[in-house]
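Colleague: Dropping in start.pdb, which is PDB, C-alpha atoms, pLDDT in the B column:
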ATOM      1  CA  MET A   1       5.164   4.101  30.610  1.00 35.00           C
ATOM      2  CA  ALA A   2       2.017   5.649  29.122  1.00 37.00           C
ATOM      3  CA  LEU A   3       4.159   7.599  26.698  1.00 38.00           C
ATOM      4  CA  ILE A   4       5.417   4.394  25.098  1.00 38.00           C
ATOM      5  CA  PHE A   5       2.010   3.065  24.044  1.00 37.00           C
ATOM      6  CA  PRO A   6       1.228   5.773  21.452  1.00 40.00           C
ATOM      7  CA  LEU A   7       4.576   5.006  19.834  1.00 38.00           C
ATOM      8  CA  GLN A   8       3.737   1.380  19.101  1.00 40.00           C
ATOM      9  CA  GLY A   9       2.917   2.019  15.453  1.00 43.00           C
ATOM     10  CA  SER A  10       0.338   0.356  13.276  1.00 44.00           C
ATOM     11  CA  ARG A  11      -1.103  -3.040  13.891  1.00 45.00           C
ATOM     12  CA  PRO A  12      -2.197  -5.307  11.035  1.00 43.00           C
ATOM     13  CA  SER A  13      -5.657  -5.569  12.630  1.00 42.00           C
ATOM     14  CA  ASN A  14      -6.229  -1.853  11.995  1.00 48.00           C
ATOM     15  CA  PHE A  15      -7.149  -2.799   8.426  1.00 56.00           C
ATOM     16  CA  THR A  16      -9.434  -5.466   7.127  1.00 61.00           C
ATOM     17  CA  SER A  17      -8.948  -7.053   3.748  1.00 67.00           C
ATOM     18  CA  ASP A  18     -11.898  -8.083   1.644  1.00 64.00           C
ATOM     19  CA  ALA A  19      -9.845 -10.616  -0.336  1.00 60.00           C
ATOM     20  CA  ASP A  20      -7.107 -13.136   0.298  1.00 68.00           C
ATOM     21  CA  HIS A  21      -3.573 -11.820  -0.001  1.00 66.00           C
ATOM     22  CA  HIS A  22      -1.768 -12.756  -3.175  1.00 70.00           C
ATOM     23  CA  LYS A  23       1.092 -15.222  -2.873  1.00 73.00           C
ATOM     24  CA  GLN A  24       3.385 -12.853  -4.815  1.00 79.00           C
ATOM     25  CA  ILE A  25       3.099 -10.222  -2.090  1.00 87.00           C
ATOM     26  CA  GLU A  26       5.318 -10.990   0.879  1.00 88.00           C
ATOM     27  CA  PRO A  27       3.367 -11.286   4.131  1.00 89.00           C
ATOM     28  CA  CYS A  28       4.033  -8.800   6.906  1.00 89.00           C
ATOM     29  CA  PRO A  29       6.342  -9.881   9.706  1.00 87.00           C
ATOM     30  CA  ASP A  30       5.067 -10.060  13.259  1.00 86.00           C
ATOM     31  CA  SER A  31       5.939  -6.427  13.926  1.00 84.00           C
ATOM     32  CA  PRO A  32       3.893  -3.224  13.774  1.00 87.00           C
ATOM     33  CA  ASN A  33       5.953  -1.576  11.006  1.00 90.00           C
ATOM     34  CA  CYS A  34       4.130  -3.214   8.085  1.00 93.00           C
ATOM     35  CA  THR A  35       0.622  -3.005   6.630  1.00 93.00           C
ATOM     36  CA  LEU A  36      -0.828  -5.382   4.033  1.00 93.00           C
ATOM     37  CA  VAL A  37      -4.294  -4.969   2.541  1.00 93.00           C
ATOM     38  CA  SER A  38      -6.151  -6.620  -0.331  1.00 93.00           C
ATOM     39  CA  LYS A  39      -9.210  -4.803  -1.688  1.00 94.00           C
ATOM     40  CA  THR A  40     -11.668  -5.872  -4.367  1.00 94.00           C
ATOM     41  CA  TYR A  41     -12.734  -3.401  -7.075  1.00 96.00           C
ATOM     42  CA  SER A  42     -15.431  -3.695  -9.724  1.00 96.00           C
ATOM     43  CA  GLN A  43     -13.146  -1.985 -12.242  1.00 96.00           C
ATOM     44  CA  GLU A  44     -11.139  -4.108 -14.641  1.00 96.00           C
ATOM     45  CA  THR A  45      -7.357  -4.242 -14.272  1.00 97.00           C
ATOM     46  CA  GLU A  46      -6.979  -2.063 -17.395  1.00 96.00           C
ATOM     47  CA  THR A  47      -8.799   0.733 -15.532  1.00 96.00           C
ATOM     48  CA  LEU A  48      -7.511   0.180 -12.003  1.00 98.00           C
ATOM     49  CA  PHE A  49      -3.783  -0.172 -12.737  1.00 98.00           C
ATOM     50  CA  PRO A  50      -3.420   3.244 -14.479  1.00 98.00           C
ATOM     51  CA  ALA A  51      -5.376   4.894 -11.650  1.00 98.00           C
ATOM     52  CA  VAL A  52      -3.110   3.311  -9.031  1.00 98.00           C
ATOM     53  CA  SER A  53      -0.022   4.278 -11.056  1.00 98.00           C
ATOM     54  CA  ASP A  54      -1.137   7.915 -11.229  1.00 97.00           C
ATOM     55  CA  VAL A  55      -1.817   8.002  -7.487  1.00 98.00           C
ATOM     56  CA  LEU A  56       1.658   6.670  -6.700  1.00 97.00           C
ATOM     57  CA  LYS A  57       3.350   9.086  -9.116  1.00 97.00           C
ATOM     58  CA  ASN A  58       1.547  12.021  -7.473  1.00 97.00           C
ATOM     59  CA  LEU A  59       2.772  10.962  -4.021  1.00 96.00           C
ATOM     60  CA  ASP A  60       6.305  11.677  -5.265  1.00 93.00           C
ATOM     61  CA  PRO A  61       8.135   8.577  -4.042  1.00 96.00           C
ATOM     62  CA  TYR A  62      11.913   8.504  -3.714  1.00 96.00           C
ATOM     63  CA  GLN A  63      11.965   5.662  -6.285  1.00 97.00           C
ATOM     64  CA  LEU A  64       9.197   4.277  -8.485  1.00 98.00           C
ATOM     65  CA  SER A  65       9.145   1.244 -10.741  1.00 98.00           C
ATOM     66  CA  LEU A  66       6.087   0.394 -12.846  1.00 97.00           C
ATOM     67  CA  ILE A  67       6.011  -3.143 -14.247  1.00 96.00           C
ATOM     68  CA  SER A  68       2.962  -2.673 -16.460  1.00 96.00           C
ATOM     69  CA  ASP A  69       2.877  -6.108 -18.091  1.00 96.00           C
ATOM     70  CA  GLU A  70       2.654  -7.704 -14.616  1.00 96.00           C
ATOM     71  CA  HIS A  71       0.386  -4.968 -13.170  1.00 97.00           C
ATOM     72  CA  ARG A  72       2.961  -4.362 -10.416  1.00 97.00           C
ATOM     73  CA  ILE A  73       4.322  -1.234  -8.781  1.00 98.00           C
ATOM     74  CA  GLU A  74       7.323  -1.012  -6.497  1.00 98.00           C
ATOM     75  CA  ALA A  75       8.031   2.264  -4.747  1.00 98.00           C
ATOM     76  CA  VAL A  76      10.362   3.537  -2.066  1.00 98.00           C
ATOM     77  CA  PHE A  77       9.368   6.406   0.208  1.00 96.00           C
ATOM     78  CA  LYS A  78      12.033   8.207   2.199  1.00 93.00           C
ATOM     79  CA  ILE A  79      11.214   9.729   5.579  1.00 82.00           C
ATOM     80  CA  PRO A  80      12.583  13.299   5.265  1.00 81.00           C
ATOM     81  CA  LEU A  81      13.914  13.923   8.754  1.00 80.00           C
ATOM     82  CA  PHE A  82      15.740  10.651   9.346  1.00 79.00           C
ATOM     83  CA  GLY A  83      16.178   9.266   5.829  1.00 84.00           C
ATOM     84  CA  PHE A  84      14.564   5.915   6.674  1.00 88.00           C
ATOM     85  CA  LYS A  85      13.182   4.102   3.640  1.00 93.00           C
ATOM     86  CA  ASP A  86       9.840   2.334   3.411  1.00 94.00           C
ATOM     87  CA  ASP A  87       8.981  -0.095   0.612  1.00 96.00           C
ATOM     88  CA  VAL A  88       5.573  -0.169  -1.057  1.00 98.00           C
ATOM     89  CA  HIS A  89       4.652  -3.154  -3.221  1.00 97.00           C
ATOM     90  CA  ILE A  90       1.426  -3.163  -5.213  1.00 98.00           C
ATOM     91  CA  LEU A  91      -0.108  -5.842  -7.397  1.00 97.00           C
ATOM     92  CA  VAL A  92      -3.368  -5.531  -9.325  1.00 97.00           C
ATOM     93  CA  GLU A  93      -4.791  -9.005  -9.844  1.00 95.00           C
ATOM     94  CA  THR A  94      -7.306  -9.686 -12.618  1.00 94.00           C
ATOM     95  CA  LYS A  95     -10.513 -11.434 -11.598  1.00 93.00           C
ATOM     96  CA  PRO A  96     -13.513 -12.523 -13.727  1.00 92.00           C
ATOM     97  CA  SER A  97     -15.570  -9.541 -12.536  1.00 91.00           C
ATOM     98  CA  GLY A  98     -13.160  -6.753 -11.682  1.00 95.00           C
ATOM     99  CA  SER A  99      -9.809  -6.863  -9.953  1.00 96.00           C
ATOM    100  CA  ILE A 100      -8.089  -7.079  -6.594  1.00 95.00           C
ATOM    101  CA  LEU A 101      -5.564  -4.526  -5.380  1.00 96.00           C
ATOM    102  CA  HIS A 102      -2.894  -5.938  -3.073  1.00 96.00           C
ATOM    103  CA  ILE A 103      -0.824  -3.293  -1.304  1.00 96.00           C
ATOM    104  CA  ARG A 104       1.977  -3.737   1.209  1.00 96.00           C
ATOM    105  CA  SER A 105       3.885  -0.918   2.889  1.00 96.00           C
ATOM    106  CA  ALA A 106       6.750  -1.757   5.245  1.00 94.00           C
ATOM    107  CA  SER A 107       9.670  -0.093   6.973  1.00 92.00           C
ATOM    108  CA  ARG A 108      13.094  -1.467   6.120  1.00 90.00           C
ATOM    109  CA  VAL A 109      14.490  -1.004   9.619  1.00 85.00           C
ATOM    110  CA  GLY A 110      13.209  -0.942  13.158  1.00 79.00           C
ATOM    111  CA  HIS A 111      10.255  -2.498  14.876  1.00 79.00           C
ATOM    112  CA  SER A 112       7.764   0.362  15.026  1.00 79.00           C
ATOM    113  CA  ASP A 113       6.894   2.934  12.388  1.00 79.00           C
ATOM    114  CA  LEU A 114       4.660   5.227  14.484  1.00 80.00           C
ATOM    115  CA  GLY A 115       1.771   4.336  12.158  1.00 85.00           C
ATOM    116  CA  VAL A 116       3.440   5.704   9.011  1.00 88.00           C
ATOM    117  CA  ASN A 117       2.795   2.654   6.819  1.00 92.00           C
ATOM    118  CA  ARG A 118      -0.831   2.309   7.909  1.00 93.00           C
ATOM    119  CA  ARG A 119      -1.444   5.980   7.131  1.00 93.00           C
ATOM    120  CA  ARG A 120       0.339   5.658   3.784  1.00 95.00           C
ATOM    121  CA  VAL A 121      -1.822   2.698   2.740  1.00 96.00           C
ATOM    122  CA  LYS A 122      -4.967   4.565   3.828  1.00 96.00           C
ATOM    123  CA  GLN A 123      -3.855   7.640   1.872  1.00 97.00           C
ATOM    124  CA  ILE A 124      -3.218   5.549  -1.246  1.00 97.00           C
ATOM    125  CA  LEU A 125      -6.585   3.776  -0.964  1.00 97.00           C
ATOM    126  CA  ASP A 126      -8.433   7.076  -0.394  1.00 97.00           C
ATOM    127  CA  LYS A 127      -6.756   8.673  -3.420  1.00 97.00           C
ATOM    128  CA  ILE A 128      -7.549   5.647  -5.595  1.00 97.00           C
ATOM    129  CA  GLU A 129     -11.212   5.877  -4.563  1.00 96.00           C
ATOM    130  CA  ALA A 130     -11.271   9.602  -5.365  1.00 96.00           C
ATOM    131  CA  THR A 131      -9.617   9.002  -8.748  1.00 95.00           C
ATOM    132  CA  LEU A 132     -12.039   6.225  -9.684  1.00 94.00           C
ATOM    133  CA  ASN A 133     -15.069   8.236  -8.510  1.00 91.00           C
ATOM    134  CA  HIS A 134     -13.881  11.283 -10.446  1.00 87.00           C
ATOM    135  CA  SER A 135     -13.518   9.294 -13.674  1.00 73.00           C
ATOM    136  CA  ASN A 136     -17.094   7.902 -13.446  1.00 65.00           C
TER     137      ASN A 136
END
Go ahead and express the file in the form of structure tokens.
Modeller:
Amino acid sequence: MALIFPLQGSRPSNFTSDADHHKQIEPCPDSPNCTLVSKTYSQETETLFPAVSDVLKNLDPYQLSLISDEHRIEAVFKIPLFGFKDDVHILVETKPSGSILHIRSASRVGHSDLGVNRRRVKQILDKIEATLNHSN
């Protein structure tokens, strides 16, 4: 029984958001295979969106769609061994002083993801921070 617990996957409470989730980003279901985070940045959308786009491109997703005029990104990541697909939806929302990044990563099938989506969101956020810090 103890072997099952590490395989539960990510829990939404593993992340805290510092902003309300945007209504255009679908909420996560009540299962551990989805992570949704909203994070506030001091950078304007015109700075943040290209940085986020570059980060996603460098992660080499299976599919990538940039909708620049809406500041949206939709990507599909394919798990190499099994071929499972995970969807990543990103929206950069303009605010009076900066912007808010909304990011959702979710498995298409199954109940657990073994923490893959949580780690992916953390990796994306870490790379965005590094990109923004490098450009300052």
Colleague: Using CA of Asp69 in chain A and CA of Val55 in chain A as the two end points, give the distance in Å to one decimal.
Modeller: 18.3 Å
Colleague: What's the 9 Å shell around Ser68 in chain A, counting all atoms listed in the file, without same-chain residues fewer than 3 positions away, as a list in words?
Modeller: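 The residues satisfying every condition are Phe49, Pro50, His71, Arg72 and Ile73 of chain A.
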Colleague: Could you write out as a list in words the residues that the PyMOL selection byres ((chain A and resi 123) around 12) matches in the shown file?
Modeller: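 This file gives the following for the PyMOL selection byres ((chain A and resi 123) around 12): Val52, Val55, Leu56, Asn58, Leu59, Ile103, Ser105, Val116, Asn117, Arg118, Arg119, Arg120, Val121, Lys122, Ile124, Leu125, Asp126, Lys127, Ile128, Glu129 and Ala130 of chain A.
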Colleague: Quick one: of A:Asp113, A:Glu44, A:Glu26, A:Asp87, who's nearest to Leu64 in chain A, counting all atoms listed in the file?
Modeller: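 For Leu64 in chain A, the nearest of the given residues is A:Asp87.
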Colleague: Would you kindly translate the PyMOL selection byres ((chain A and resi 92) around 12) into the concrete residues it picks from this file, as a PDB file with C-alpha atoms, in the frame of the given file?
Modeller:
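This went into result-v2.pdb:
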ATOM      1  CA  HIS A  21      -3.573 -11.820  -0.001  1.00 66.00           C
ATOM      2  CA  HIS A  22      -1.768 -12.756  -3.175  1.00 70.00           C
ATOM      3  CA  GLN A  24       3.385 -12.853  -4.815  1.00 79.00           C
ATOM      4  CA  ILE A  25       3.099 -10.222  -2.090  1.00 87.00           C
ATOM      5  CA  VAL A  37      -4.294  -4.969   2.541  1.00 93.00           C
ATOM      6  CA  SER A  38      -6.151  -6.620  -0.331  1.00 93.00           C
ATOM      7  CA  LYS A  39      -9.210  -4.803  -1.688  1.00 94.00           C
ATOM      8  CA  THR A  40     -11.668  -5.872  -4.367  1.00 94.00           C
ATOM      9  CA  TYR A  41     -12.734  -3.401  -7.075  1.00 96.00           C
ATOM     10  CA  GLN A  43     -13.146  -1.985 -12.242  1.00 96.00           C
ATOM     11  CA  GLU A  44     -11.139  -4.108 -14.641  1.00 96.00           C
ATOM     12  CA  THR A  45      -7.357  -4.242 -14.272  1.00 97.00           C
ATOM     13  CA  GLU A  46      -6.979  -2.063 -17.395  1.00 96.00           C
ATOM     14  CA  THR A  47      -8.799   0.733 -15.532  1.00 96.00           C
ATOM     15  CA  LEU A  48      -7.511   0.180 -12.003  1.00 98.00           C
ATOM     16  CA  PHE A  49      -3.783  -0.172 -12.737  1.00 98.00           C
ATOM     17  CA  PRO A  50      -3.420   3.244 -14.479  1.00 98.00           C
ATOM     18  CA  ALA A  51      -5.376   4.894 -11.650  1.00 98.00           C
ATOM     19  CA  VAL A  52      -3.110   3.311  -9.031  1.00 98.00           C
ATOM     20  CA  SER A  53      -0.022   4.278 -11.056  1.00 98.00           C
ATOM     21  CA  LEU A  66       6.087   0.394 -12.846  1.00 97.00           C
ATOM     22  CA  ILE A  67       6.011  -3.143 -14.247  1.00 96.00           C
ATOM     23  CA  SER A  68       2.962  -2.673 -16.460  1.00 96.00           C
ATOM     24  CA  ASP A  69       2.877  -6.108 -18.091  1.00 96.00           C
ATOM     25  CA  GLU A  70       2.654  -7.704 -14.616  1.00 96.00           C
ATOM     26  CA  HIS A  71       0.386  -4.968 -13.170  1.00 97.00           C
ATOM     27  CA  ARG A  72       2.961  -4.362 -10.416  1.00 97.00           C
ATOM     28  CA  ILE A  73       4.322  -1.234  -8.781  1.00 98.00           C
ATOM     29  CA  GLU A  74       7.323  -1.012  -6.497  1.00 98.00           C
ATOM     30  CA  HIS A  89       4.652  -3.154  -3.221  1.00 97.00           C
ATOM     31  CA  ILE A  90       1.426  -3.163  -5.213  1.00 98.00           C
ATOM     32  CA  LEU A  91      -0.108  -5.842  -7.397  1.00 97.00           C
ATOM     33  CA  GLU A  93      -4.791  -9.005  -9.844  1.00 95.00           C
ATOM     34  CA  THR A  94      -7.306  -9.686 -12.618  1.00 94.00           C
ATOM     35  CA  LYS A  95     -10.513 -11.434 -11.598  1.00 93.00           C
ATOM     36  CA  GLY A  98     -13.160  -6.753 -11.682  1.00 95.00           C
ATOM     37  CA  SER A  99      -9.809  -6.863  -9.953  1.00 96.00           C
ATOM     38  CA  ILE A 100      -8.089  -7.079  -6.594  1.00 95.00           C
ATOM     39  CA  LEU A 101      -5.564  -4.526  -5.380  1.00 96.00           C
ATOM     40  CA  HIS A 102      -2.894  -5.938  -3.073  1.00 96.00           C
ATOM     41  CA  ILE A 103      -0.824  -3.293  -1.304  1.00 96.00           C
ATOM     42  CA  ARG A 104       1.977  -3.737   1.209  1.00 96.00           C
TER      43      ARG A 104
END
Colleague: Between A:Phe84, A:His134, A:Pro96, A:Val109, which residue has the minimum interatomic distance to Ser42 in chain A, considering only C-alpha atoms?
Modeller: A:Pro96
Colleague: As lines of an AutoDock Vina configuration file, please: the centre and edge lengths in Å, to one decimal, of an axis-aligned box enclosing every listed atom of range 64-74 of chain A with 6 Å added on each side.
Modeller:
center_x = 4.8
center_y = -1.7
center_z = -12.3
size_x = 20.8
size_y = 24.0
size_z = 23.6
Colleague: How many Å separate CA of Asp86 in chain A from CA of Asp30 in chain A?
Modeller: 16.5 Å
Colleague: Closest to Thr35 in chain A among A:Leu114, A:Leu132, A:Ile79, A:Ala106, using only C-alpha atoms?
Modeller: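 Once distances to Thr35 in chain A are computed over only C-alpha atoms, the minimum belongs to A:Ala106.
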Colleague: Which residues match the PyMOL selection byres ((chain A and resi 62) around 6) in the file above, as a PyMOL selection string?
Modeller: chain A and resi 61+63+76-78
Colleague: Considering all atoms listed in the file, can you say which of A:Ser65, A:Ser97, A:Asn133, A:Asn33 comes closest to Lys85 in chain A?
Modeller: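 Nearest candidate to Lys85 in chain A out of A:Ser65, A:Ser97, A:Asn133, A:Asn33: A:Asn33.
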Colleague: So which one's closest to Ser31 in chain A, A:Gly83, A:Asp60, A:Ser112, A:Asp54? Using only C-alpha atoms, please.
Modeller: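 Looking at the shortest contact to Ser31 in chain A, the residue is A:Ser112.
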Colleague: Would you work out the distance separating CA of Pro29 in chain A from CA of Pro80 in chain A, expressed in Å to one decimal?
Modeller: 24.4 Å
